[in-house]
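To keep things clear, I will list the structure first and then write my remarks on it.
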Amino acid sequence: MDKHIKSPIKLLIFCTLLFISCSENKHSINVAVASNFEKTLKQIVELYQQQNKGARINIIAASSGLLSSQIINNAPFDLFLSADIYKPQLIQENLKIKNKVAVYAIGQLALWIPESILNTPCLEQLKSVKTLAIANPKTAPYGMLAAEIIRKNNIKVEKTIQTASVSQTYLYTQDKLSQAGFVAYPMLGKNSKGCIQIFQDNQLSQSMLLLNNKASGLYEFILTKEIQNLIEESGYITN
């Protein structure tokens, strides 16, 4: 990668976890969520709190890899929503958790070139793009898929900007700090302009793991038909 964007996310997570630990409340629920799903989770939590008055829920969003590392190192989370299925399985194995890993949504990767006015596939247009943003393949599942596509298609870009999470990739592309970006498709609203290419063969089984029973109510709530419909309306595929 020509350029690696260093983010204060690790420091932010550390400070947030420190705050949570210092103000620990037995009734609060701490949820770790992949950054691509943060916006949808906030909607879900709002509905959950309407039905469960007094429920206190703290949300921390980052790349799935960074969050899973924090959890394995005993971060005080109660529920983990990853952008893939592998990291919850890894945590389940490492921490000897008996709860099952459940798929809550299926995400799709998309290549977005906002300023494009051409009708050719976005991958072909990358030949004339100078800057491309992707999430760190080592920690972000969407970044891992993007890296695979770049490799398989032998894509050469003058400058690749590697971000800490797919949400940062979206912001870099939206704010024109990069001409193109591999993002989570649900992040693109109906009014998103330019070239958008969805990679339907590169889907992610976004899965969650209940880390302890404190979050069991929210866990079950996410799997209800009502919330699954909401998730689908947000741009994800549901089972």
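Residue numbering restarts at 1 in every chain; chains get A, B, ... in the order shown in the structure tokens, and ligands count up from 1 in that same order.
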message = Can you tell me which residues surround range 205-211 of chain A at a distance of at most 9 Å, considering only C-alpha atoms, apart from same-chain residues fewer than 2 positions away, and format the answer as a PyMOL selection string?
response = chain A and resi 33-34+77-89+91-92+97+99-107+203+213-216+219
request  = Please identify all polymer residues within 10 Å of range 153-168 of chain A, counting only C-alpha atoms, omitting same-chain residues fewer than 2 positions from it, and present them as a PyMOL selection string.
outcome  = chain A and resi 1-10+34-38+61-66+123-124+126-143+147-151+170-174+177-178+180-184+187
Contacts of range 42-49 of chain A within 10 Å, only C-alpha atoms, excl. fewer than 2 positions in-chain, as a JSON list (two decimals) with all heavy atoms, in the first residue's frame:
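Result saved to part-v3.json:
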[["chain", "number", "residue", "atom", "x", "y", "z"],
["A", 37, "PHE", "N", -22.02, -1.67, 10.29],
["A", 37, "PHE", "CA", -23.37, -1.93, 10.79],
["A", 37, "PHE", "C", -23.77, -0.97, 11.91],
["A", 37, "PHE", "O", -24.86, -1.06, 12.45],
["A", 37, "PHE", "CB", -23.45, -3.38, 11.30],
["A", 37, "PHE", "CG", -24.86, -3.91, 11.44],
["A", 37, "PHE", "CD1", -25.62, -4.21, 10.33],
["A", 37, "PHE", "CD2", -25.41, -4.11, 12.70],
["A", 37, "PHE", "CE1", -26.92, -4.70, 10.46],
["A", 37, "PHE", "CE2", -26.70, -4.60, 12.85],
["A", 37, "PHE", "CZ", -27.46, -4.89, 11.72],
["A", 38, "GLU", "N", -22.91, -0.03, 12.24],
["A", 38, "GLU", "CA", -23.18, 0.87, 13.37],
["A", 38, "GLU", "C", -24.48, 1.65, 13.21],
["A", 38, "GLU", "O", -25.29, 1.74, 14.14],
["A", 38, "GLU", "CB", -22.01, 1.84, 13.56],
["A", 38, "GLU", "CG", -22.21, 2.79, 14.73],
["A", 38, "GLU", "CD", -21.09, 3.80, 14.86],
["A", 38, "GLU", "OE1", -20.28, 3.93, 13.91],
["A", 38, "GLU", "OE2", -21.01, 4.47, 15.91],
["A", 39, "LYS", "N", -24.69, 2.22, 12.04],
["A", 39, "LYS", "CA", -25.88, 3.04, 11.81],
["A", 39, "LYS", "C", -27.15, 2.21, 11.99],
["A", 39, "LYS", "O", -28.11, 2.66, 12.64],
["A", 39, "LYS", "CB", -25.85, 3.64, 10.40],
["A", 39, "LYS", "CG", -27.03, 4.53, 10.08],
["A", 39, "LYS", "CD", -26.90, 5.11, 8.68],
["A", 39, "LYS", "CE", -28.11, 5.98, 8.33],
["A", 39, "LYS", "NZ", -27.98, 6.53, 6.94],
["A", 40, "THR", "N", -27.17, 1.01, 11.44],
["A", 40, "THR", "CA", -28.35, 0.14, 11.55],
["A", 40, "THR", "C", -28.54, -0.31, 12.99],
["A", 40, "THR", "O", -29.67, -0.37, 13.49],
["A", 40, "THR", "CB", -28.21, -1.08, 10.62],
["A", 40, "THR", "OG1", -28.02, -0.63, 9.28],
["A", 40, "THR", "CG2", -29.46, -1.95, 10.68],
["A", 51, "GLN", "N", -39.05, -0.65, 23.86],
["A", 51, "GLN", "CA", -39.77, -1.80, 24.41],
["A", 51, "GLN", "C", -39.21, -2.24, 25.77],
["A", 51, "GLN", "O", -39.86, -2.99, 26.48],
["A", 51, "GLN", "CB", -39.70, -2.97, 23.42],
["A", 51, "GLN", "CG", -40.38, -2.67, 22.09],
["A", 51, "GLN", "CD", -40.33, -3.87, 21.14],
["A", 51, "GLN", "OE1", -40.22, -5.01, 21.57],
["A", 51, "GLN", "NE2", -40.43, -3.61, 19.85],
["A", 52, "ASN", "N", -38.02, -1.77, 26.07],
["A", 52, "ASN", "CA", -37.36, -2.14, 27.33],
["A", 52, "ASN", "C", -36.89, -0.86, 28.03],
["A", 52, "ASN", "O", -35.73, -0.47, 27.94],
["A", 52, "ASN", "CB", -36.19, -3.08, 27.08],
["A", 52, "ASN", "CG", -36.60, -4.39, 26.46],
["A", 52, "ASN", "OD1", -36.88, -5.36, 27.15],
["A", 52, "ASN", "ND2", -36.65, -4.43, 25.13],
["A", 53, "LYS", "N", -37.83, -0.21, 28.68],
["A", 53, "LYS", "CA", -37.55, 1.07, 29.32],
["A", 53, "LYS", "C", -36.42, 0.93, 30.35],
["A", 53, "LYS", "O", -36.38, 0.00, 31.14],
["A", 53, "LYS", "CB", -38.81, 1.58, 30.02],
["A", 53, "LYS", "CG", -40.01, 1.76, 29.11],
["A", 53, "LYS", "CD", -39.75, 2.80, 28.02],
["A", 53, "LYS", "CE", -41.01, 3.01, 27.16],
["A", 53, "LYS", "NZ", -40.77, 4.00, 26.09],
["A", 54, "GLY", "N", -35.51, 1.87, 30.27],
["A", 54, "GLY", "CA", -34.41, 1.86, 31.22],
["A", 54, "GLY", "C", -33.20, 1.07, 30.78],
["A", 54, "GLY", "O", -32.17, 1.08, 31.46],
["A", 55, "ALA", "N", -33.30, 0.39, 29.63],
["A", 55, "ALA", "CA", -32.15, -0.38, 29.14],
["A", 55, "ALA", "C", -31.03, 0.56, 28.72],
["A", 55, "ALA", "O", -31.25, 1.50, 27.96],
["A", 55, "ALA", "CB", -32.58, -1.25, 27.95],
["A", 56, "ARG", "N", -29.85, 0.33, 29.26],
["A", 56, "ARG", "CA", -28.69, 1.16, 28.94],
["A", 56, "ARG", "C", -27.75, 0.37, 28.05],
["A", 56, "ARG", "O", -27.27, -0.70, 28.43],
["A", 56, "ARG", "CB", -27.99, 1.59, 30.23],
["A", 56, "ARG", "CG", -28.84, 2.49, 31.12],
["A", 56, "ARG", "CD", -28.09, 2.86, 32.39],
["A", 56, "ARG", "NE", -26.84, 3.53, 32.11],
["A", 56, "ARG", "CZ", -25.97, 3.91, 33.05],
["A", 56, "ARG", "NH1", -26.23, 3.66, 34.32],
["A", 56, "ARG", "NH2", -24.86, 4.51, 32.72],
["A", 57, "ILE", "N", -27.48, 0.90, 26.85],
["A", 57, "ILE", "CA", -26.66, 0.17, 25.88],
["A", 57, "ILE", "C", -25.55, 1.07, 25.36],
["A", 57, "ILE", "O", -25.79, 2.16, 24.86],
["A", 57, "ILE", "CB", -27.52, -0.33, 24.71],
["A", 57, "ILE", "CG1", -28.61, -1.29, 25.24],
["A", 57, "ILE", "CG2", -26.66, -1.04, 23.67],
["A", 57, "ILE", "CD1", -29.60, -1.74, 24.20],
["A", 58, "ASN", "N", -24.31, 0.60, 25.52],
["A", 58, "ASN", "CA", -23.14, 1.31, 25.00],
["A", 58, "ASN", "C", -22.69, 0.62, 23.71],
["A", 58, "ASN", "O", -22.52, -0.60, 23.69],
["A", 58, "ASN", "CB", -22.00, 1.27, 26.02],
["A", 58, "ASN", "CG", -22.42, 1.83, 27.37],
["A", 58, "ASN", "OD1", -22.96, 2.92, 27.46],
["A", 58, "ASN", "ND2", -22.18, 1.07, 28.44],
["A", 59, "ILE", "N", -22.49, 1.41, 22.66],
["A", 59, "ILE", "CA", -22.07, 0.86, 21.37],
["A", 59, "ILE", "C", -20.66, 1.34, 21.05],
["A", 59, "ILE", "O", -20.38, 2.54, 21.11],
["A", 59, "ILE", "CB", -23.04, 1.30, 20.24],
["A", 59, "ILE", "CG1", -24.44, 0.74, 20.49],
["A", 59, "ILE", "CG2", -22.51, 0.85, 18.88],
["A", 59, "ILE", "CD1", -25.48, 1.26, 19.50],
["A", 217, "GLY", "N", -31.35, -10.56, 25.72],
["A", 217, "GLY", "CA", -32.57, -9.94, 25.22],
["A", 217, "GLY", "C", -32.34, -9.22, 23.90],
["A", 217, "GLY", "O", -33.12, -9.35, 22.95],
["A", 218, "LEU", "N", -31.26, -8.45, 23.82],
["A", 218, "LEU", "CA", -30.93, -7.72, 22.59],
["A", 218, "LEU", "C", -30.56, -8.70, 21.48],
["A", 218, "LEU", "O", -30.94, -8.51, 20.33],
["A", 218, "LEU", "CB", -29.78, -6.75, 22.85],
["A", 218, "LEU", "CG", -29.29, -5.93, 21.65],
["A", 218, "LEU", "CD1", -30.41, -5.07, 21.08],
["A", 218, "LEU", "CD2", -28.11, -5.05, 22.06],
["A", 221, "PHE", "N", -33.65, -10.12, 20.14],
["A", 221, "PHE", "CA", -34.40, -9.05, 19.48],
["A", 221, "PHE", "C", -33.89, -8.84, 18.04],
["A", 221, "PHE", "O", -34.68, -8.64, 17.12],
["A", 221, "PHE", "CB", -34.25, -7.76, 20.29],
["A", 221, "PHE", "CG", -35.09, -6.61, 19.80],
["A", 221, "PHE", "CD1", -36.46, -6.63, 19.93],
["A", 221, "PHE", "CD2", -34.48, -5.49, 19.22],
["A", 221, "PHE", "CE1", -37.24, -5.55, 19.50],
["A", 221, "PHE", "CE2", -35.24, -4.42, 18.78],
["A", 221, "PHE", "CZ", -36.63, -4.46, 18.91],
["A", 222, "ILE", "N", -32.59, -8.90, 17.86],
["A", 222, "ILE", "CA", -31.98, -8.71, 16.54],
["A", 222, "ILE", "C", -32.43, -9.79, 15.56],
["A", 222, "ILE", "O", -32.54, -9.54, 14.35],
["A", 222, "ILE", "CB", -30.45, -8.67, 16.65],
["A", 222, "ILE", "CG1", -30.01, -7.41, 17.39],
["A", 222, "ILE", "CG2", -29.77, -8.73, 15.28],
["A", 222, "ILE", "CD1", -28.54, -7.37, 17.77],
["A", 226, "GLU", "N", -39.27, -8.69, 12.79],
["A", 226, "GLU", "CA", -39.38, -7.23, 12.68],
["A", 226, "GLU", "C", -38.01, -6.60, 12.42],
["A", 226, "GLU", "O", -37.85, -5.76, 11.53],
["A", 226, "GLU", "CB", -39.97, -6.65, 13.97],
["A", 226, "GLU", "CG", -40.00, -5.12, 13.99],
["A", 226, "GLU", "CD", -40.34, -4.56, 15.36],
["A", 226, "GLU", "OE1", -40.53, -5.34, 16.32],
["A", 226, "GLU", "OE2", -40.40, -3.31, 15.49],
["A", 227, "ILE", "N", -37.02, -7.01, 13.18],
["A", 227, "ILE", "CA", -35.68, -6.42, 13.05],
["A", 227, "ILE", "C", -34.97, -6.94, 11.81],
["A", 227, "ILE", "O", -34.23, -6.20, 11.16],
["A", 227, "ILE", "CB", -34.86, -6.69, 14.32],
["A", 227, "ILE", "CG1", -35.54, -6.04, 15.52],
["A", 227, "ILE", "CG2", -33.44, -6.15, 14.16],
["A", 227, "ILE", "CD1", -35.84, -4.55, 15.36],
["A", 228, "GLN", "N", -35.21, -8.19, 11.47],
["A", 228, "GLN", "CA", -34.62, -8.71, 10.24],
["A", 228, "GLN", "C", -35.15, -7.95, 9.02],
["A", 228, "GLN", "O", -34.42, -7.69, 8.06],
["A", 228, "GLN", "CB", -34.91, -10.21, 10.11],
["A", 228, "GLN", "CG", -34.10, -11.07, 11.06],
["A", 228, "GLN", "CD", -32.62, -11.07, 10.75],
["A", 228, "GLN", "OE1", -32.21, -11.54, 9.70],
["A", 228, "GLN", "NE2", -31.81, -10.52, 11.65],
["A", 230, "LEU", "N", -36.09, -4.80, 9.13],
["A", 230, "LEU", "CA", -35.39, -3.50, 9.20],
["A", 230, "LEU", "C", -33.99, -3.61, 8.62],
["A", 230, "LEU", "O", -33.54, -2.72, 7.88],
["A", 230, "LEU", "CB", -35.33, -3.04, 10.66],
["A", 230, "LEU", "CG", -34.73, -1.66, 10.96],
["A", 230, "LEU", "CD1", -35.30, -1.11, 12.26],
["A", 230, "LEU", "CD2", -33.21, -1.70, 11.06],
["A", 231, "ILE", "N", -33.29, -4.69, 8.95],
["A", 231, "ILE", "CA", -31.93, -4.90, 8.44],
["A", 231, "ILE", "C", -31.94, -5.02, 6.93],
["A", 231, "ILE", "O", -31.07, -4.47, 6.22],
["A", 231, "ILE", "CB", -31.32, -6.16, 9.10],
["A", 231, "ILE", "CG1", -31.05, -5.89, 10.59],
["A", 231, "ILE", "CG2", -30.03, -6.58, 8.39],
["A", 231, "ILE", "CD1", -30.63, -7.11, 11.37]]
task = Name the closest residue to Thr169 in chain A among the candidates A:Lys193, A:Trp112, A:Leu223, A:Pro121; distances are taken between atoms, counting only C-alpha atoms.
result = A:Trp112
query = range 13-218 of chain A: which residues are helix (DSSP H, G or I) by DSSP, as a PyMOL selection string?
reply = chain A and resi 13-22+35-51+64-72+86-94+122-128+141-152+166-174+185-187+213-218
task = Please return as a PyMOL selection string: the residues of range 9-237 of chain A that backbone DSSP assigns to strand (DSSP E).
result = chain A and resi 28-34+56-62+79-81+102-113+131-135+159-163+180-184+195-210
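Counting only C-alpha atoms, the residue from A:Ile60, A:Asn202, A:Tyr236, A:Asn94 that sits nearest to Tyr185 in chain A is A:Tyr236.
Our summary of the geometry notes that CA of Asp201 in chain A is positioned 26.0 Å from CA of Leu67 in chain A.
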